[in-house]
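Shown next: my_file-v9.cif, containing mmCIF, C-alpha atoms.
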```
data_model
#
loop_
_atom_site.label_atom_id
_atom_site.label_comp_id
_atom_site.auth_asym_id
_atom_site.auth_seq_id
_atom_site.Cartn_x
_atom_site.Cartn_y
_atom_site.Cartn_z
CA MET A 1 -134.62 41.18 169.05
CA THR A 2 -133.67 37.91 167.34
CA THR A 3 -136.10 37.16 164.57
CA GLY A 4 -134.49 34.58 162.34
CA LEU A 5 -134.65 37.01 159.44
CA VAL A 6 -132.16 36.44 156.62
CA LEU A 7 -131.38 39.18 154.10
CA TYR A 8 -129.84 38.23 150.77
CA SER A 9 -127.83 41.33 150.10
CA TYR A 10 -124.99 42.87 148.14
CA TRP A 11 -123.10 45.63 149.90
CA ARG A 12 -123.39 48.14 147.07
CA SER A 13 -126.93 47.35 145.89
CA SER A 14 -129.21 50.34 146.45
CA ALA A 15 -132.23 48.11 146.84
CA ALA A 16 -130.57 45.96 149.52
CA TYR A 17 -129.28 49.13 151.23
CA ARG A 18 -132.90 50.38 151.52
CA VAL A 19 -134.01 47.22 153.28
CA ARG A 20 -131.00 47.26 155.62
CA ILE A 21 -132.01 50.78 156.67
CA ALA A 22 -135.61 49.66 157.20
CA LEU A 23 -134.57 46.64 159.28
CA ASN A 24 -132.34 48.83 161.44
CA LEU A 25 -135.01 51.53 161.87
CA LYS A 26 -137.41 48.85 163.06
CA GLY A 27 -134.79 47.44 165.43
CA LEU A 28 -134.90 44.00 163.80
CA SER A 29 -131.74 41.94 163.77
CA TYR A 30 -131.02 39.79 160.75
CA GLU A 31 -128.40 37.59 159.21
CA THR A 32 -126.73 38.77 156.00
CA GLN A 33 -126.38 36.27 153.18
CA PRO A 34 -124.08 37.95 150.63
CA VAL A 35 -124.86 37.59 146.92
CA HIS A 36 -122.03 38.95 144.80
CA LEU A 37 -123.58 40.64 141.77
CA LEU A 38 -120.34 40.65 139.75
CA ARG A 39 -118.50 37.49 140.82
CA ASP A 40 -119.05 34.19 138.91
CA GLY A 41 -120.91 36.10 136.19
CA GLY A 42 -123.27 37.35 138.89
CA GLN A 43 -124.26 35.03 141.74
CA GLN A 44 -127.85 36.27 141.38
CA HIS A 45 -128.03 34.28 138.12
CA THR A 46 -127.05 30.85 139.56
CA ALA A 47 -129.65 28.06 139.45
CA GLN A 48 -129.61 27.90 143.26
CA TYR A 49 -130.39 31.58 143.64
CA ARG A 50 -132.97 31.56 140.86
CA ALA A 51 -134.81 28.84 142.77
CA LEU A 52 -135.02 31.28 145.68
CA ASN A 53 -135.78 34.35 143.56
CA PRO A 54 -136.63 34.00 139.87
CA LEU A 55 -136.22 37.77 139.51
CA GLU A 56 -132.44 37.16 139.89
CA SER A 57 -131.99 40.26 141.99
CA VAL A 58 -131.27 41.34 145.53
CA PRO A 59 -132.59 41.88 148.10
CA VAL A 60 -134.58 38.87 149.23
CA LEU A 61 -135.88 38.62 152.78
CA ARG A 62 -136.39 35.17 154.22
CA ASP A 63 -138.68 35.09 157.24
CA GLY A 64 -139.01 31.44 158.24
CA ASP A 65 -140.54 29.74 155.19
CA ARG A 66 -141.58 33.06 153.64
CA VAL A 67 -139.48 34.45 150.83
CA ILE A 68 -140.14 38.09 150.02
CA THR A 69 -138.71 39.93 147.03
CA GLN A 70 -138.67 43.59 145.95
CA SER A 71 -137.34 46.15 148.41
CA LEU A 72 -140.56 48.17 148.72
CA ALA A 73 -142.66 45.04 149.23
CA ILE A 74 -140.22 43.92 151.92
CA MET A 75 -140.41 47.27 153.73
CA GLU A 76 -144.22 47.24 153.65
CA TYR A 77 -144.12 43.66 154.97
CA LEU A 78 -141.83 44.63 157.84
CA ASP A 79 -144.14 47.49 158.75
CA GLU A 80 -147.20 45.23 158.69
CA MET A 81 -145.55 42.44 160.71
CA HIS A 82 -144.15 44.86 163.29
CA PRO A 83 -146.72 47.63 163.57
CA GLU A 84 -145.29 49.33 166.69
CA LEU A 85 -145.91 53.03 166.17
CA GLU A 86 -142.52 54.22 167.41
CA THR A 87 -140.72 52.41 164.59
CA ALA A 88 -143.34 52.82 161.84
CA LEU A 89 -141.88 53.27 158.37
CA LEU A 90 -145.08 54.86 157.03
CA PRO A 91 -147.30 57.58 158.53
CA VAL A 92 -150.66 56.57 160.00
CA ASP A 93 -152.86 58.73 157.74
CA ALA A 94 -153.74 57.70 154.20
CA ARG A 95 -152.63 61.01 152.71
CA GLY A 96 -149.25 60.83 154.45
CA ARG A 97 -148.82 57.22 153.45
CA ALA A 98 -149.54 58.10 149.84
CA GLN A 99 -147.04 60.95 149.93
CA VAL A 100 -144.30 58.75 151.40
CA ARG A 101 -144.98 55.93 148.96
CA ALA A 102 -145.00 58.33 146.02
CA LEU A 103 -141.61 59.73 147.05
CA ALA A 104 -140.23 56.22 147.47
CA MET A 105 -141.55 55.23 144.05
CA ALA A 106 -140.16 58.37 142.43
CA ILE A 107 -136.82 56.79 143.33
CA CYS A 108 -137.56 53.08 142.99
CA CYS A 109 -139.53 53.33 139.73
CA ASP A 110 -138.28 56.55 138.09
CA ILE A 111 -134.56 56.74 138.93
CA HIS A 112 -133.01 53.56 140.21
CA PRO A 113 -134.14 51.07 137.52
CA LEU A 114 -132.48 53.19 134.83
CA GLY A 115 -129.02 53.19 136.39
CA ASN A 116 -129.05 49.61 137.58
CA LEU A 117 -126.06 47.35 136.85
CA ARG A 118 -127.98 45.16 134.39
CA VAL A 119 -129.19 48.22 132.47
CA LEU A 120 -125.71 49.68 132.14
CA GLN A 121 -124.49 46.25 130.98
CA GLN A 122 -127.24 46.17 128.36
CA LEU A 123 -126.46 49.71 127.17
CA GLU A 124 -122.91 48.51 126.51
CA ALA A 125 -123.82 45.11 125.03
CA GLN A 126 -126.68 46.22 122.80
CA LEU A 127 -125.81 49.81 121.93
CA GLY A 128 -122.06 49.89 122.51
CA ALA A 129 -122.35 52.73 125.02
CA SER A 130 -118.94 53.76 126.36
CA GLU A 131 -118.18 54.12 130.06
CA GLU A 132 -118.52 57.87 129.67
CA GLN A 133 -121.89 57.53 127.92
CA ARG A 134 -123.14 55.16 130.60
CA ALA A 135 -122.09 57.62 133.29
CA ALA A 136 -123.85 60.46 131.47
CA TRP A 137 -126.94 58.27 131.16
CA SER A 138 -126.96 57.54 134.90
CA ARG A 139 -126.41 61.16 135.84
CA HIS A 140 -129.17 62.28 133.47
CA TRP A 141 -131.83 60.16 135.16
CA MET A 142 -130.66 61.03 138.65
CA ASP A 143 -130.75 64.72 137.76
CA VAL A 144 -134.26 64.51 136.28
CA GLY A 145 -135.48 62.51 139.26
CA PHE A 146 -133.80 64.58 141.96
CA ARG A 147 -135.11 67.83 140.44
CA ALA A 148 -138.64 66.46 140.58
CA ILE A 149 -138.27 65.15 144.13
CA GLU A 150 -136.68 68.41 145.26
CA ALA A 151 -139.74 70.27 143.91
CA VAL A 152 -142.11 67.86 145.66
CA LEU A 153 -140.25 68.30 148.96
CA ALA A 154 -140.14 72.10 148.54
CA ASP A 155 -143.89 72.21 147.87
CA SER A 156 -145.01 69.98 150.71
CA ALA A 157 -145.88 71.29 154.16
CA ALA A 158 -145.16 67.79 155.45
CA THR A 159 -141.45 67.94 154.63
CA GLY A 160 -139.48 68.11 157.84
CA ARG A 161 -136.08 67.04 159.10
CA TYR A 162 -136.76 63.96 156.99
CA CYS A 163 -138.77 63.44 153.79
CA HIS A 164 -141.99 63.34 155.76
CA GLY A 165 -142.00 64.97 159.16
CA GLU A 166 -139.61 64.42 162.01
CA THR A 167 -139.10 60.68 161.79
CA PRO A 168 -137.47 58.70 158.99
CA SER A 169 -139.74 56.71 156.68
CA VAL A 170 -139.63 54.42 153.69
CA ALA A 171 -138.99 57.53 151.57
CA ASP A 172 -135.75 58.26 153.44
CA ALA A 173 -134.74 54.61 153.22
CA CYS A 174 -135.01 54.95 149.43
CA LEU A 175 -133.51 58.43 149.14
CA VAL A 176 -130.26 57.79 151.00
CA PRO A 177 -129.02 54.88 148.84
CA GLN A 178 -129.84 56.88 145.70
CA VAL A 179 -127.82 59.88 146.92
CA TYR A 180 -124.99 57.51 147.86
CA ASN A 181 -125.18 56.21 144.30
CA ALA A 182 -125.10 59.76 142.92
CA ALA A 183 -121.78 60.34 144.65
CA ARG A 184 -120.37 57.23 142.95
CA TRP A 185 -121.35 58.77 139.61
CA LYS A 186 -119.95 62.17 140.66
CA LEU A 187 -123.26 64.01 140.39
CA PRO A 188 -122.96 67.34 142.27
CA MET A 189 -125.83 67.78 144.73
CA ASP A 190 -125.86 71.61 144.71
CA ASP A 191 -129.12 71.80 142.79
CA TYR A 192 -130.98 69.67 145.33
CA PRO A 193 -130.40 71.36 148.70
CA ILE A 194 -133.37 69.80 150.51
CA ILE A 195 -132.36 66.32 149.41
CA ALA A 196 -128.77 66.98 150.48
CA ARG A 197 -129.93 68.24 153.87
CA ILE A 198 -132.16 65.20 154.46
CA TYR A 199 -129.34 62.89 153.38
CA GLN A 200 -127.11 64.41 156.04
CA ALA A 201 -129.80 64.23 158.71
CA CYS A 202 -130.40 60.55 157.95
CA ASN A 203 -126.73 59.70 158.05
CA GLU A 204 -126.47 61.05 161.58
CA LEU A 205 -128.66 58.13 162.66
CA GLU A 206 -127.07 54.85 163.63
CA ALA A 207 -129.71 52.91 161.67
CA PHE A 208 -128.47 54.50 158.45
CA GLN A 209 -124.79 54.28 159.39
CA ARG A 210 -124.98 50.55 160.07
CA ALA A 211 -126.76 50.01 156.74
CA ALA A 212 -124.10 51.78 154.67
CA PRO A 213 -122.36 49.74 151.98
CA GLU A 214 -118.93 50.07 153.60
CA ALA A 215 -120.28 48.70 156.90
CA GLN A 216 -121.44 45.42 155.34
CA PRO A 217 -119.75 42.07 155.95
CA ASP A 218 -119.29 41.56 152.19
CA ALA A 219 -117.72 44.99 151.55
CA PRO A 220 -114.18 44.65 150.21
CA MET B 1 -170.75 56.07 143.48
CA THR B 2 -169.85 59.70 142.74
CA THR B 3 -166.66 60.60 144.55
CA GLY B 4 -165.30 63.74 142.94
CA LEU B 5 -162.16 61.86 141.94
CA VAL B 6 -160.22 63.25 138.98
CA LEU B 7 -157.67 61.14 137.13
CA TYR B 8 -155.06 62.87 135.01
CA SER B 9 -154.55 60.23 132.38
CA TYR B 10 -153.23 59.47 128.91
CA TRP B 11 -155.05 56.71 127.05
CA ARG B 12 -151.93 54.73 126.19
CA SER B 13 -149.96 55.24 129.42
CA SER B 14 -149.45 51.90 131.20
CA ALA B 15 -149.31 53.60 134.57
CA ALA B 16 -152.59 55.44 134.02
CA TYR B 17 -154.15 52.22 132.67
CA ARG B 18 -153.27 50.48 135.96
CA VAL B 19 -155.09 53.09 138.01
CA ARG B 20 -158.12 53.05 135.71
CA ILE B 21 -158.37 49.29 136.31
CA ALA B 22 -158.05 49.79 140.06
CA LEU B 23 -160.73 52.51 140.13
CA ASN B 24 -163.08 50.29 138.14
CA LEU B 25 -162.40 47.23 140.31
CA LYS B 26 -163.24 49.30 143.36
CA GLY B 27 -166.39 50.61 141.72
CA LEU B 28 -165.31 54.24 142.02
CA SER B 29 -166.41 56.68 139.37
CA TYR B 30 -164.02 59.41 138.32
CA GLU B 31 -163.56 62.18 135.83
CA THR B 32 -160.81 61.82 133.24
CA GLN B 33 -158.56 64.80 132.67
CA PRO B 34 -156.53 63.94 129.55
CA VAL B 35 -152.82 64.84 129.42
CA HIS B 36 -151.39 64.27 125.96
CA LEU B 37 -147.86 62.95 126.39
CA LEU B 38 -146.82 63.75 122.81
CA ARG B 39 -148.77 66.88 121.87
CA ASP B 40 -147.26 70.37 122.50
CA GLY B 41 -143.91 68.75 123.28
CA GLY B 42 -145.65 66.73 125.97
CA GLN B 43 -148.41 68.33 128.02
CA GLN B 44 -146.93 66.71 131.14
CA HIS B 45 -144.06 69.20 130.86
CA THR B 46 -146.13 72.41 130.90
CA ALA B 47 -145.71 74.80 133.84
CA GLN B 48 -149.35 74.29 134.75
CA TYR B 49 -149.01 70.51 134.95
CA ARG B 50 -145.67 70.69 136.73
CA ALA B 51 -147.35 72.76 139.44
CA LEU B 52 -149.74 69.84 139.91
CA ASN B 53 -147.10 67.11 139.57
CA PRO B 54 -143.40 68.02 139.54
CA LEU B 55 -142.66 64.45 138.38
CA GLU B 56 -144.12 65.48 134.99
CA SER B 57 -145.82 62.14 134.52
CA VAL B 58 -149.25 60.56 134.54
CA PRO B 59 -151.26 59.41 136.34
CA VAL B 60 -152.20 61.86 139.05
CA LEU B 61 -155.27 61.30 141.18
CA ARG B 62 -156.97 64.35 142.65
CA ASP B 63 -159.23 63.56 145.59
CA GLY B 64 -160.58 66.90 146.80
CA ASP B 65 -157.50 68.90 147.80
CA ARG B 66 -155.30 65.80 147.83
CA VAL B 67 -153.00 65.23 144.89
CA ILE B 68 -151.54 61.74 144.67
CA THR B 69 -148.84 60.66 142.24
CA GLN B 70 -147.33 57.29 141.29
CA SER B 71 -149.67 54.55 140.17
CA LEU B 72 -148.83 52.08 142.95
CA ALA B 73 -149.16 54.74 145.63
CA ILE B 74 -152.54 55.71 144.17
CA MET B 75 -153.76 52.10 144.21
CA GLU B 76 -152.65 51.62 147.82
CA TYR B 77 -154.42 54.89 148.68
CA LEU B 78 -157.65 53.75 147.05
CA ASP B 79 -157.50 50.48 148.96
CA GLU B 80 -156.91 52.28 152.26
CA MET B 81 -159.66 54.86 151.69
CA HIS B 82 -162.18 52.25 150.55
CA PRO B 83 -161.38 49.14 152.60
CA GLU B 84 -164.51 47.13 151.70
CA LEU B 85 -163.33 43.52 151.52
CA GLU B 86 -165.27 42.61 148.38
CA THR B 87 -163.32 45.10 146.28
CA ALA B 88 -159.94 44.84 148.03
CA LEU B 89 -156.97 45.23 145.70
CA LEU B 90 -154.61 43.49 148.14
CA PRO B 91 -155.06 40.27 150.13
CA VAL B 92 -155.68 40.53 153.87
CA ASP B 93 -152.65 38.52 155.02
CA ALA B 94 -149.17 40.05 155.19
CA ARG B 95 -147.61 37.24 153.16
CA GLY B 96 -150.20 37.54 150.41
CA ARG B 97 -149.87 41.31 150.38
CA ALA B 98 -146.10 40.99 150.04
CA GLN B 99 -146.49 38.54 147.17
CA VAL B 100 -148.94 40.78 145.31
CA ARG B 101 -146.81 43.88 145.86
CA ALA B 102 -143.68 42.05 144.72
CA LEU B 103 -145.39 40.97 141.50
CA ALA B 104 -146.63 44.51 140.92
CA MET B 105 -143.15 45.90 141.48
CA ALA B 106 -141.57 43.31 139.22
CA ILE B 107 -143.55 45.14 136.54
CA CYS B 108 -143.52 48.73 137.82
CA CYS B 109 -139.84 48.77 138.83
CA ASP B 110 -138.18 46.11 136.67
CA ILE B 111 -139.98 46.27 133.30
CA HIS B 112 -142.06 49.37 132.71
CA PRO B 113 -139.52 52.11 133.55
CA LEU B 114 -137.12 50.75 130.93
CA GLY B 115 -139.56 50.93 128.04
CA ASN B 116 -141.16 54.21 128.98
CA LEU B 117 -141.59 56.94 126.37
CA ARG B 118 -139.00 59.26 127.96
CA VAL B 119 -136.44 56.45 128.10
CA LEU B 120 -136.88 55.56 124.44
CA GLN B 121 -136.59 59.27 123.60
CA GLN B 122 -133.33 59.46 125.59
CA LEU B 123 -131.94 56.32 123.92
CA GLU B 124 -132.43 58.08 120.61
CA ALA B 125 -131.25 61.53 121.70
CA GLN B 126 -128.20 60.46 123.67
CA LEU B 127 -127.12 57.24 122.00
CA GLY B 128 -128.65 57.55 118.54
CA ALA B 129 -130.58 54.31 118.95
CA SER B 130 -132.64 53.53 115.85
CA GLU B 131 -136.33 52.63 115.98
CA GLU B 132 -135.36 48.99 115.53
CA GLN B 133 -132.84 49.18 118.37
CA ARG B 134 -135.37 50.84 120.64
CA ALA B 135 -137.90 48.11 119.87
CA ALA B 136 -135.28 45.42 120.60
CA TRP B 137 -134.44 47.20 123.87
CA SER B 138 -138.09 47.24 124.92
CA ARG B 139 -138.66 43.62 123.99
CA HIS B 140 -135.50 42.58 125.84
CA TRP B 141 -136.67 43.97 129.17
CA MET B 142 -140.19 42.68 128.75
CA ASP B 143 -138.83 39.21 127.98
CA VAL B 144 -136.48 39.21 130.98
CA GLY B 145 -139.25 40.46 133.24
CA PHE B 146 -142.01 38.20 131.94
CA ARG B 147 -139.76 35.12 132.24
CA ALA B 148 -139.12 35.96 135.88
CA ILE B 149 -142.78 36.65 136.63
CA GLU B 150 -143.85 33.48 134.81
CA ALA B 151 -141.48 31.50 137.08
CA VAL B 152 -142.83 33.23 140.20
CA LEU B 153 -146.41 32.46 139.16
CA ALA B 154 -145.53 28.86 138.26
CA ASP B 155 -143.86 28.36 141.67
CA SER B 156 -146.57 29.87 143.83
CA ALA B 157 -149.44 27.86 145.27
CA ALA B 158 -151.34 31.15 145.54
CA THR B 159 -151.55 31.64 141.77
CA GLY B 160 -155.12 31.17 140.66
CA ARG B 161 -157.37 32.46 137.94
CA TYR B 162 -155.59 35.76 138.59
CA CYS B 163 -152.07 36.56 139.79
CA HIS B 164 -153.10 35.85 143.37
CA GLY B 165 -156.10 33.64 143.94
CA GLU B 166 -159.56 34.01 142.46
CA THR B 167 -159.97 37.79 142.58
CA PRO B 168 -158.02 40.41 140.68
CA SER B 169 -155.49 42.45 142.63
CA VAL B 170 -152.97 45.24 142.19
CA ALA B 171 -150.70 42.67 140.52
CA ASP B 172 -153.26 42.07 137.76
CA ALA B 173 -153.82 45.81 137.39
CA CYS B 174 -150.09 46.11 136.64
CA LEU B 175 -149.76 42.97 134.52
CA VAL B 176 -152.50 43.70 132.01
CA PRO B 177 -151.16 47.09 130.80
CA GLN B 178 -147.69 45.59 130.44
CA VAL B 179 -148.98 42.73 128.29
CA TYR B 180 -150.98 45.23 126.25
CA ASN B 181 -147.72 47.11 125.79
CA ALA B 182 -145.94 43.91 124.75
CA ALA B 183 -148.42 43.48 121.91
CA ARG B 184 -147.61 47.00 120.72
CA TRP B 185 -143.95 45.96 120.54
CA LYS B 186 -144.87 42.67 118.86
CA LEU B 187 -143.46 40.47 121.60
CA PRO B 188 -144.89 36.94 121.20
CA MET B 189 -146.38 35.68 124.47
CA ASP B 190 -145.83 31.94 123.79
CA ASP B 191 -143.09 31.67 126.41
CA TYR B 192 -145.30 33.02 129.18
CA PRO B 193 -148.43 30.86 129.17
CA ILE B 194 -149.56 31.65 132.71
CA ILE B 195 -149.26 35.39 132.10
CA ALA B 196 -151.16 35.03 128.82
CA ARG B 197 -153.91 33.04 130.55
CA ILE B 198 -154.28 35.60 133.36
CA TYR B 199 -154.33 38.44 130.82
CA GLN B 200 -157.27 36.77 129.08
CA ALA B 201 -159.11 36.11 132.33
CA CYS B 202 -158.72 39.75 133.37
CA ASN B 203 -159.92 41.05 130.05
CA GLU B 204 -163.16 39.14 130.44
CA LEU B 205 -163.98 41.51 133.30
CA GLU B 206 -165.78 44.75 132.60
CA ALA B 207 -163.46 46.63 134.98
CA PHE B 208 -160.52 45.82 132.72
CA GLN B 209 -162.44 46.38 129.48
CA ARG B 210 -163.54 49.86 130.51
CA ALA B 211 -159.96 50.74 131.46
CA ALA B 212 -158.48 49.73 128.11
CA PRO B 213 -156.67 52.46 126.14
CA GLU B 214 -159.10 52.29 123.22
CA ALA B 215 -162.05 52.86 125.57
CA GLN B 216 -160.71 56.18 126.86
CA PRO B 217 -162.21 59.56 125.98
CA ASP B 218 -158.82 60.79 124.73
CA ALA B 219 -158.18 57.77 122.47
CA PRO B 220 -157.92 58.81 118.81
#
```

Please lay out the structure from this file as structure tokens.
Amino acid sequence: MTTGLVLYSYWRSSAAYRVRIALNLKGLSYETQPVHLLRDGGQQHTAQYRALNPLESVPVLRDGDRVITQSLAIMEYLDEMHPELETALLPVDARGRAQVRALAMAICCDIHPLGNLRVLQQLEAQLGASEEQRAAWSRHWMDVGFRAIEAVLADSAATGRYCHGETPSVADACLVPQVYNAARWKLPMDDYPIIARIYQACNELEAFQRAAPEAQPDAP
Amino acid sequence: MTTGLVLYSYWRSSAAYRVRIALNLKGLSYETQPVHLLRDGGQQHTAQYRALNPLESVPVLRDGDRVITQSLAIMEYLDEMHPELETALLPVDARGRAQVRALAMAICCDIHPLGNLRVLQQLEAQLGASEEQRAAWSRHWMDVGFRAIEAVLADSAATGRYCHGETPSVADACLVPQVYNAARWKLPMDDYPIIARIYQACNELEAFQRAAPEAQPDAP
């Protein structure tokens, strides 16, 4: 389906990766507009980009004259604009929706913000944290977060092949980029077997494969 | 309305404060179950609480046998369970909903996680950050975030008396606790006049007043 959607993306951004997965799961085609987060002092900080997104971050979804920021808000928007049940990113029942959103937010609010590029840059600039200290910092928050999520998944009768049941959801679209990120920081996944299993199951799907950082047009 | 809702809350937690606002805006009564984040090494870390919420954080909403974590997921749940238009926490149109969610997430993902208690504790434990450095760290992320949100609000035709139009939404429920937090860290609000104006407008409402930290049963 051609939709005229444009995604402002960086190949290695976890948040952009989430939205790429969501777009693919929903079967929506889109154009990628690369924003290089390291080049030119960070292309997300240029005046032109700030005019599009004052948050100076990726992803941004442009849908005609609508400009939508924040990965979770974009995924909710896609689900609302394209409510076909067979590609729903959230369950139909309120309890299931809450569970999926809570899992997604356990990643997007509790883990990812703390290991973000700008945060690691600030740790170095303000507190002189070494590369090793920054890596330990990142691994610490991923470990805390993954342990909690692992416990939630172990406790829940709704956990299936994916985070919630037998079809991938917003929670999986958030989990996979975070696990990808963990590998970059050399965090062993042995302590989180359910997460590791779901990660594998997701990556067997073409929607996840096509969203992977290395598959992006702006990957080096 | 008596609903049997129980909110696990800490008076000064921003995330719990958001949900208290949302419950009040929706006119739902609830019982407060205090969780003291500093006492006993943090009551959110006890085995009993972890069994309720493996994320070891507040708030948690208990609705009968349902246990819902993450403030934004709880607010979405409340809106879905109680869809009466006059107390809706999100606009009806997909674009408006996306805008409100993006504003909420600009706080819940981009500002709040970086100044959280556990993060400040880790800055001290891992990197030896002094109290002054931790305060500067907190103010830095609030300033970056508020500048961005101020620009979004200035740009948007939808900005009204509140973050989105003439009724308070999830975005306001997130903004007010963050501005309250900014005052604790002595961040002057002069550079964010729209945010400061909306904060005042919100605090004229009883729903926000009753949710304030000082009005909680567990406030000292």

Output of the PyMOL selection byres ((chain A and resi 17) around 12), listed as a PyMOL selection string: chain A and resi 7-16+18-24+32+58-60+71-72+75+170+172-181+207-216

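Reported to one decimal place, the separation of atom CA of Ala106 of chain A from atom CA of Asp190 of chain A is 19.6 Å.
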
Result set of the PyMOL selection byres ((chain B) within 8 of (chain A)) on the coordinates above, as a PyMOL selection string: chain B and resi 53-56+66+68-70+72-74+76-77+80-81+94-95+97-99+101-102+105-106+108-110+113-114+126-127+129+133+137+145+148-149+151-152

Explicit residue set for the PyMOL selection byres ((chain A and resi 184-189) around 9), as a list in words: Ala135, Ala136, Ser138, Arg139, Met142, Asp143, Val179, Tyr180, Asn181, Ala182, Ala183, Asp190, Asp191, Tyr192, Pro193, Ile195 and Ala196 of chain A

Atomic separation - atom CA of Leu85 of chain B relative to atom CA of Leu28 of chain B, Å: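 Calculated distance between atom CA of Leu28 of chain B and atom CA of Leu85 of chain B is 14.5 Å.
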
Separation of atom CA of Thr87 of chain B from atom CA of Lys26 of chain B in Å: 5.1 Å

Proximity to Leu120 of chain A - best of A:Glu132, A:Leu89, A:Asp40, A:Asn203, all atoms listed in the file: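 When distances to Leu120 of chain A are compared using all atoms listed in the file, the smallest one comes from A:Glu132.
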
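With distances restricted to all atoms listed in the file, B:Pro217 is the closest residue to Val35 of chain B from B:Asp65, B:Pro217, B:Thr159, B:Pro83.
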
Selected residue of minimal separation from Gln33 of chain B among B:Cys163, B:Ala47, B:Val6, B:Ile198, counting only C-alpha atoms: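 Result for the nearest residue to Gln33 of chain B: B:Val6.
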